[in-house]
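K.L.:
Dropping a structure here in structure tokens format, bear with me for questions.
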Amino acid sequence: MFQAPKGTRDILPPESDRWQALVAVFAEVFGRAGYGLVQNPMFEDIGVFQRLGEGTEVVRKEMYDFFDKGDRHMALRPEGTASVVRAFNQHRPTVPWKVWYLTPCFRYEEPQAGRFRQHHQVGAEAIGSADPDLDVEVIALQHDFYRALGLSQLSLRLNSMGSLGDRQAYAEQLAVWLGQRVGDLDEADRANAADHPLRVLDSKRERTIAAVADAPLIVDSLSDEAAAHFERVQAGLDALGVVYEIDPRLVRGLDYYTHSTWEFVAGALTSAQNAVGGGGRYDGLAESLGGKPAPGVGFGAGIERILLAADAEDALPEAEAAVDVFVVDVTGGDAGRDLTFELRRNGISADRAFDARSMKAQMKVADRSGARLALLVGEDEQESGTVTLRDLRSGGGQTSLPRPEVANEVAQRLAKE
RNA sequence: CGGGCCGUAGCUCAGUCAGGUUAGAGCGCCGGGUUGUGGUCCCGGAGGUCGGGGGUUCAAAUCCCCUCGGUCCGCCCA
């Protein structure tokens, strides 16, 4: 028998109800702020993702790439931003282009707590403006999204990578600094010291952490312009009541970030994978994807991890799925079919039993459905042109209704609640 | 890619250490408890190639090897 591929999962009801709820909250928070939904292909020319940076493991060794029947080198999207920026380049919408997305992401890695080969992200991007207030807007909206879900034990780590020039100058300075201390680093980090010095900074290996404790920090070498940008972002977050802590060693995995870089961490998660969303500004990305220069800022947030964090905090409880009315028909199914559709077309949620089962069996299904009301049609009702209405919650009082009045009566009963 | 633990009915698990007749339980599911009625209760039933393959043995869920999958840690990240 076949099973879902390694590192992937089927999301079934009732778990999928939580997904719907989460996405609905996200759409609400960002829709209210003028962000529209963007749907991108799940695969792109591999070049789109390679521009994310040579230093990122996601690109270097975790990409799901393949050659299609036309011998094109493609890859399943490992994250959301690159495709959105590619679409921005392609369609040239008016700026700032504010969009949100919901997408599966694919990474070939070993599954672990909160880590899958296919995971899902919601995210948002604002492209075409360098205004630091957009950094603030995106971060604050992400923050509000988590709050709306009921998550409270999150912390926000914030850093600035400076402008493209700042970043590059700092990387060179850091490479030199690291070059004099390669021997002090953990072996696993030595390879990165020259080519990807920034990656060494947020290494989690003890030896490396000790070795870089007094390394120069990028916040100390920001240009005036970048420093002003960073200050404006902090002031905005302060004004909006978004609590954060500056982490001068926060680098994050994707190489394209400039200026603001941030990460939301779930304090309630004890597993190693506790980041529930992260983002940053990427002022050079559009150009590196072959478009005209266009600044942008955005983030991605992992749905699976958000739900894990919600579990740990007892937030976002699973809602009981239920219809309002259940139709029981033991006369062959015509009445059941017709009545359920009459109700549904009148805006009432209704379900029925199938397979011509006994009344007792159908009543059990009715009970399980969570319906408040049951409509019963047996031989007596069929002959007299009536339907028996039974209240499943209050001990089971029954009334007989003329068939034409059923929809109205049911609607009135439900309205009372 | 390195390491630890685990894989028995739809679900949660017992049985594996000391190999031995038709592999069990609870929950769930299906049917019944006479004359059309759920949620409680009672009775009955279906459902498992014991992850897969190979080996040892008269005999393997149980021992050995390989493999696949799950889970967790390193690492990476959402």
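Residues are named by chain letter and number: chains run A, B, ... in the order of the structure tokens, numbers start at 1 in each chain, and ligands are numbered from 1 in the order shown.
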As a PyMOL selection string, could you give me every residue of chain B near chain A (at most 9 Å apart, counting only C-alpha atoms (C1' of nucleotides))?
P.N.:
chain B and resi 36-39+69+71-73+75-78
K.L.:
Which neighbours of Val323 (chain A) fall inside 7 Å, counting only C-alpha atoms (C1' of nucleotides), when residues of the same chain fewer than 6 positions from it are skipped, and could you give them as a ChimeraX atom specification?
P.N.:
/A:349-351,369-371
K.L.:
Separation of CA of Val136 (chain A) and CA of Pro248 (chain A), in Å?
P.N.:
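Atom-to-atom, CA of Val136 (chain A) and CA of Pro248 (chain A) are spaced 18.2 Å apart.
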K.L.:
Write out as a PyMOL selection string all residues of region 28-220 of chain A that DSSP puts in alpha helix (DSSP H) for this structure's backbone.
P.N.:
chain A and resi 28-31+46-50+57-60+81-91+132-149+164-179+187-195+197-201+206-211
K.L.:
Please identify the strand (DSSP E or B) residues within region 166-389 of chain A (assignment by DSSP from backbone atoms) and present them as a PyMOL selection string.
P.N.:
chain A and resi 245-246+258-266+275-281+296-302+325-329+350-352+373-377+386-389
K.L.:
With C-alpha atoms kept, could you save the residues just selected as a short mmCIF file (atom, residue, chain, number, x, y, z; two decimals), in the first residue's frame?
P.N.:
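Resulting contents of selection.cif:
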data_model
loop_
_atom_site.label_atom_id
_atom_site.label_comp_id
_atom_site.auth_asym_id
_atom_site.auth_seq_id
_atom_site.Cartn_x
_atom_site.Cartn_y
_atom_site.Cartn_z
CA GLU A 245 14.72 42.74 21.11
CA ILE A 246 17.71 43.66 18.99
CA THR A 258 19.25 44.00 3.65
CA HIS A 259 18.28 46.45 6.37
CA SER A 260 15.57 44.97 8.61
CA THR A 261 15.83 41.26 9.37
CA TRP A 262 13.62 39.60 11.94
CA GLU A 263 12.36 36.36 13.34
CA PHE A 264 9.46 35.44 15.60
CA VAL A 265 10.33 32.67 18.05
CA ALA A 266 7.79 30.62 19.97
CA ALA A 275 10.98 29.88 14.71
CA VAL A 276 7.40 30.47 13.60
CA GLY A 277 8.13 33.12 10.99
CA GLY A 278 10.85 35.34 9.75
CA GLY A 279 11.50 37.95 7.13
CA GLY A 280 13.39 40.97 6.10
CA ARG A 281 14.01 43.62 3.53
CA GLY A 296 10.95 45.13 -1.04
CA VAL A 297 10.17 43.71 2.35
CA GLY A 298 8.28 40.66 3.53
CA PHE A 299 8.17 37.48 5.56
CA GLY A 300 7.08 33.88 5.60
CA ALA A 301 5.47 32.02 8.49
CA GLY A 302 5.24 28.25 8.79
CA VAL A 325 -29.98 19.83 10.51
CA PHE A 326 -29.85 16.12 9.75
CA VAL A 327 -32.40 14.46 7.53
CA VAL A 328 -33.46 10.88 8.22
CA ASP A 329 -35.42 9.18 5.48
CA ALA A 350 -27.83 20.11 6.40
CA ASP A 351 -26.64 16.56 5.94
CA ARG A 352 -28.30 13.16 5.57
CA LEU A 373 -32.47 19.27 14.61
CA ALA A 374 -33.43 16.06 12.88
CA LEU A 375 -36.08 15.78 10.21
CA LEU A 376 -37.67 12.37 9.95
CA VAL A 377 -39.51 10.96 7.00
CA THR A 386 -45.65 15.80 6.61
CA VAL A 387 -42.17 15.76 8.13
CA THR A 388 -41.40 15.06 11.79
CA LEU A 389 -39.09 17.61 13.37
#
K.L.:
For Leu158 (chain A), which of A:Ala215, A:Leu102, A:Val242, A:Leu174 is the closest residue, counting only C-alpha atoms?
P.N.:
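So, comparing all the options, the nearest one is A:Val242.
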K.L.:
Env of region 16-22 of chain B: 7 Å cut, atoms = only C-alpha atoms (C1' of nucleotides), seq-sep filter 2 positions within chain, self excluded. Answer as number ranges by chain.
P.N.:
B: 59-60, 62
K.L.:
Which one of B:G55, B:G44, B:G24, B:G70 sits closest to U8 (chain B) if you count only C-alpha atoms (C1' of nucleotides)?
P.N.:
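Looking only at the distances to U8 (chain B), the closest residue turns out to be B:G24.
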